[in-house]
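Presented below is the structure to which this report refers.
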Amino acid sequence: MYGKIFDSIYDGTLYGHWEAIVTMQQLIVLATPDGLVDMTPQAMSARTSIPLEIILKGLDVLSKPDPYTRTPGEDGKRIVLIDDHRPWGWRLVNHGKYMRLRDMKEKREADRRRIAEKRNKNSYVAIESQMSQMSPTHTHTQTNTQKEHVEGSRKNGAHHERVDDSPIVETLPILGGSFEVHQSLVAELEPLCPAVDIPVTLREMKLWLVGNPSRMKTRKGVRRFISGWLTREQQKWDATQGRH
């Protein structure tokens with residue numbers, strides 16, 4: 001069986017009765033979902049490898065009234081006999097209380113994980129969306145022909161996409177060329193990853209790509225590569241701050 005053992009077991013009136021603490025731990029593990037341990041002390045000893053004399057001392061303390069108990073009922077006894085007509089088999093008095101506390105704690109932990117996963121997913125989606133909206137000037141170096149075409153379009157009054165003339169922060173190697181990341185894009189990404197030094201992180205990405213040529217990204221795949229890396233760095237910082 002499985003039972004949650006709370007550290008409050010060390011802080012209560014069992015202090016100084018280590019046999020009782022050890023025995024109570026075994027009872028919690030052996031108890032049924034209803035908090036019953038229908039076993040003799042000899043069977044408990046054989047099952048847990050705890051010496052019988054320790055089990056007997058522990059059961060004696062746990063069966064006695066405790067006027068200083070923090071939980072009323074049964075005169076403060078931790079365990080009571082299942083059947084008064086036999087000297088073995090016990091019910092854990094506060095089993096229901098601590099199982100409810102366990103369930104509440106597990107629910108809070110599950111909720112925390114669910115919220116963290118949702119927040120991380122939203123963060124990744126936001127960065128991925130920002131990357132997908134990048135103009136072509138963010139993603140590659142224009143050739144002279146392309147530049148001439150743009151200039152010609154300007155003269156002719158034709159519609160064209162705005163050329164990003166902000167400084168290039170980093171150039172990442174990709175399959176068949178390079179991927180330019182301009183300052184304008186960094187400025188757009190910084191609010192999404194406030195704890196990440198994006199220029200430094202871009203250099204780390206470049207070093208990784210140079211050192212792993214067999215895993216070089218395509219022009220399309222590098223966007224996901226950047227967004228995933230930035231998301232993970234932000235999540236690491238959030239974890240150190242206890243943010244979930």
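The way I read the labels, and the way they are meant: chains A, B, ... in the order of the structure tokens, residue 1 as the first residue of every chain, and ligand 1 as the first ligand shown, with later ones counted on from there.
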- Contacts of Gln183 in chain A at 10 Å (only C-alpha atoms; same-chain gap of 4+ positions) as a count of residues only: 12
- CA of Ser49 in chain A to CA of Leu62 in chain A, straight-line distance in Å: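 Going from CA of Leu62 in chain A over to CA of Ser49 in chain A covers 19.4 Å.
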- Task: Tell me, as a ChimeraX atom specification, which residues lie within 9 Å of Trp229 in chain A, counting only C-alpha atoms; anything in the same chain fewer than 4 positions away does not count.
- Result: /A:201,205,224-225,233-234
Only C-alpha atoms, please: the residues just picked out, written as an mmCIF file, in the first residue's frame.
```cif
data_model
loop_
_atom_site.group_PDB
_atom_site.id
_atom_site.type_symbol
_atom_site.label_atom_id
_atom_site.label_comp_id
_atom_site.auth_asym_id
_atom_site.auth_seq_id
_atom_site.Cartn_x
_atom_site.Cartn_y
_atom_site.Cartn_z
ATOM 1 C CA THR A 201 21.711 33.886 -26.340
ATOM 2 C CA MET A 205 22.826 29.581 -30.750
ATOM 3 C CA ARG A 224 11.246 27.396 -34.507
ATOM 4 C CA PHE A 225 14.813 26.800 -33.325
ATOM 5 C CA GLU A 233 15.842 30.061 -21.282
ATOM 6 C CA GLN A 234 12.907 32.080 -19.942
#
```
- Task: Could you give me the residues within range 163-195 of chain A that DSSP places in strand (DSSP E), as a list in words?
- Result: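 Selection result, strand (DSSP E) within range 163-195 of chain A: Ile168, Val169, Glu170, Thr171, Leu172, Pro173, Ile174, Gly177, Ser178, Phe179, Glu180, Val181 and His182 of chain A.
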- Query: When you draw a straight line from CA of Lys64 in chain A to CA of Trp18 in chain A, how long is it in Å?
  - Reply: 15.2 Å
- Query: Hey, which of A:Ile50, A:Leu81, A:Arg91, A:Gly58 ends up closest to Asp34 in chain A? Count only C-alpha atoms.
  - Reply: A:Arg91
